[in-house]
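In what follows, a single structure is set out as structure tokens and then discussed.
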Amino acid sequence: MKGEYTMKVEEKTIRKKFNNLNSNKIPKPNLLLHCFNAFWVGGLICVVGQFISDFFSYIGVPKDELGTSVSIVMVFLGAILTGIGVYDKLGDFAGAGSVVPITGFANSIVSPAMEFKKEGFVFGVAAKMFTIAGPVLVYGIGSSVIVGILYYFFRW
Amino acid sequence: MNNYIMAFVVGGIICVIGQILMDTTKLTPARILVVFVTGGVILGALNIYDVVIEYGKAGGSIPLPGFGYSLAKSVMKEVDKVGFVGAFTGGIKGTAGGITAAIFFGYIMALIFNPKTKG
Amino acid sequence: MGRRIGVQTVEIESKPRIISTYNIVGPKEGQGPLSDYFDRILEDDLNGTESFEKAETSLLYTAVSESIKKAKLKEADINYLLAGDLLNQLFSSSFAARDLNIPFIGLYGACSTMAESLSVGSMLMEGGFANYVVAATSSHFSSAERQYRLPLEMGSQRALTAQWTVTGSGAMVLGRKGDFPYVTHCTIGKVKDYAITDVNNMGVAMVPAAVDTIKQHFVDTGRKPSDYDIIATGDLGKLGRQFTEELLLEYKYDMKGHYMDCGEEIFDAQKQGTNAGGSGCGCSAVVATGYLYRNMLMGKFKRILLVSTGALLSPTSSLQGESIPGIAHAVSIEFGVIK
């Protein structure tokens, strides 16, 4: 009787075959295409940054304020592209090309801020703004403190 | 013109490194950002990332390791200026513009715009 | 009176009829291959409400109230509402039930809720505890993304094995009499976890549970795949479906020609960019209440096995490093089978 055969098949056989299927049959992403798109979109965003930097330089922004000024503009660009609903499409296409530049950092702050508006402006927007980007600040600033302390003692 | 080409290439390469990490490891985008920013801090502290900034210009400063680089350089500068307390004030001081802009514009965009369902 | 057969199956002797069904879906589902089988297709997935959670609530409310109207009944006639969804504290089910004057049993089975509510409802009727029961469930792409994954406007790439949560709600009204498809057996599943931790590969994570429940159903009832015109799993997706077929072959059950996955069929993966297919409680609900039910009424399917599948993880469990436990429940439904 069918039931008898089935009961004899042990679960560990099934599990083994499952693991086998899982390691072999999962489709892999098209790495080459992804890298190509990440390259030129990320590169283009940096070119935009360079253009803004040159423009500020040209209109006389002092050298030590240049970096900050460019960051502010790039963050603004990332924020507005997120607001109008374009940055997520860019992210789907360009992957790391949109995540890695500072515009991606802005996107990771603006997108939850917009998303949690329904829960109000204190506990929604303001509290959830850093759900994704928070770790970047914690680890970035945290590691800078360690660098600062080490630098104080070892002055290289 | 040369600046633009270098910015394009260097920025592109850093993004490709991120893409490879995204596709071949289990690292999520959020974790990759953490790795990149911390990496930038370390490489900036060791004066290694300086080369990337020198040749890549915006190609080095716009990607997130560039943010880490700013953090490292400003903290070291501040420690030189004011001593030990600079370790705690320098990082944020140097990157105040970017962080504040993100908070401020994030709030404004949330005021104006609503998220749309993906098509 | 019904009885337990085998290890996990209940034979429902009174054969509760599915006297009406109603489903309502979002725009994307309405553009898919099964669009002809939906009762209502939304143009705006907010459905005129202020938030995605409230929209999902309105979908569930509509599905339940319309299915009751279709059965020519009133809310007061319904003895139990069995419903569940994916959201924390069953947001949509609880708030839909608030506006319905029906004793409410909330259920959480993740995406397996359609078969779960249908099973429990059938057993309540078999026990003589109800004359009319409504079994319903819902899901919404945006409310699910918000709770489980990333903000909608965040730039990110979907993995090839990722699934698209269906925006939709389906409701079934069970009654005692009439010439309608009827429930004959329910197999309640056990939780199965084969250590998949990748939340982008949920279809595959649920395969062990689906295989186990389907296998046990066959063993308990003495049936085989060819006894069913169609066996429909909820949302294993394209890859999960392939794995399930292969693993059931180990038990010498050949599913070929008798097997489909609701998640795989509800979207056109190529045209709609949905990768591995649809998912969510609404997935098996809208396909069961639409495509499967209507084809039974038309005589195309005489006996089907609905196997809704669920992934019982939470955002917290994933962050704590836990793998994804799966569950699957099977309900056998017949219409016009000559004994």
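To be explicit about the labels: the chains of the structure tokens are called A, B, and onward in the order shown, and within each one the residues are counted from 1, while ligands get numbers from 1 in the order they are shown.
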
- Message: Only residues of chain A matter here; which ones have an atom within 6 Å of chain B, counting only C-alpha atoms? Give them as a VMD selection string.
- Response: chain A and resid 35 38 to 40 42 to 44 46 to 47 49 to 50 68 71 to 72 83 96 to 97 100 to 102 106 110 113 to 115 136 140 144 to 145 148 to 149

- Item | Interface residues on chain C facing chain A, 8 Å, only C-alpha atoms, written as a ChimeraX atom specification | /C:50-51,146,151-161,194,204,208,215,218-220,222,239,243,247,250-252

Please produce a file of the residues just selected, as a short mmCIF file (atom, residue, chain, number, x, y, z; two decimals), in the first residue's frame, where the atoms kept are C-alpha atoms.
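The resulting again06.cif:
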data_model
loop_
_atom_site.label_atom_id
_atom_site.label_comp_id
_atom_site.auth_asym_id
_atom_site.auth_seq_id
_atom_site.Cartn_x
_atom_site.Cartn_y
_atom_site.Cartn_z
CA GLU C 50 -5.35 57.40 4.20
CA SER C 51 -2.89 54.60 4.70
CA ARG C 146 6.55 48.59 5.28
CA PRO C 151 10.58 51.72 2.70
CA LEU C 152 8.84 52.00 -0.67
CA GLU C 153 10.98 54.88 -1.93
CA MET C 154 14.27 53.26 -1.02
CA GLY C 155 16.52 52.31 -3.89
CA SER C 156 17.20 48.59 -3.77
CA GLN C 157 17.42 45.62 -6.12
CA ARG C 158 15.06 42.68 -5.74
CA ALA C 159 16.66 39.24 -5.67
CA LEU C 160 15.64 36.82 -8.40
CA THR C 161 14.02 34.58 -5.80
CA TYR C 194 15.07 23.37 7.02
CA VAL C 204 11.85 27.79 -1.01
CA PRO C 208 9.47 21.50 3.41
CA LYS C 215 2.57 13.85 1.69
CA PHE C 218 -2.05 11.50 0.70
CA VAL C 219 -0.99 8.96 3.30
CA ASP C 220 -3.93 9.75 5.61
CA GLY C 222 -4.99 6.96 0.76
CA LEU C 239 11.39 27.76 -7.79
CA PHE C 243 11.45 21.85 -5.60
CA LEU C 247 10.79 16.22 -3.35
CA GLU C 250 11.03 10.89 -3.46
CA TYR C 251 7.80 9.69 -1.87
CA LYS C 252 6.78 8.32 -5.27
#

- Separation of CA of Asp45 in chain C from CA of Ala144 in chain C in Å: 13.1 Å

- chain A: residues DSSP assigns to helix (DSSP H, G or I), reported as a ChimeraX atom specification: /A:2-8,11-25,31-58,63-83,87-94,96-99,102-119,121-128,134-154

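For the residues C:Leu82, C:Val166, C:Cys262, C:Ala171, ranking by smallest atom-to-atom distance to Phe141 in chain C using only C-alpha atoms places C:Val166 first.
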
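Distance-wise, CA of Gly48 in chain C and CA of Tyr22 in chain C end up 19.9 Å apart.
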
- Tell me which protein, DNA and RNA residues are within 6 Å of Ile196 in chain C, counting only C-alpha atoms, leaving out same-chain ones fewer than 4 positions away, and put them as an NGL selection string. :C and (205 or 323-324)

- Note on the structure: Computed gap from CA of Arg303 in chain C to CA of Asn23 in chain C is 21.1 Å

- Task: Report the residues of range 27-149 of chain C whose backbone DSSP state falls under strand (DSSP E or B), written as a list in words.
- Result: Arg40, Ile41, Tyr80, Leu81, Leu82, Ala83, Gly84, Phe104, Ile105, Gly106, Val133, Val134, Ala135, Ala136, Thr137, Ser138 and Ser139 of chain C

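Minimum distance to chain B across C:Ser169, C:Asn200, C:Ser122, C:Ser332 (counting only C-alpha atoms) occurs at C:Asn200.
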
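The residue set within 9 Å of range 296-301 of chain C, counting only C-alpha atoms and dropping same-chain residues fewer than 6 places from it, reads Phe180, Pro181, Tyr228, Asp229, Ile230, Glu334, Phe335 and Gly336 of chain C.
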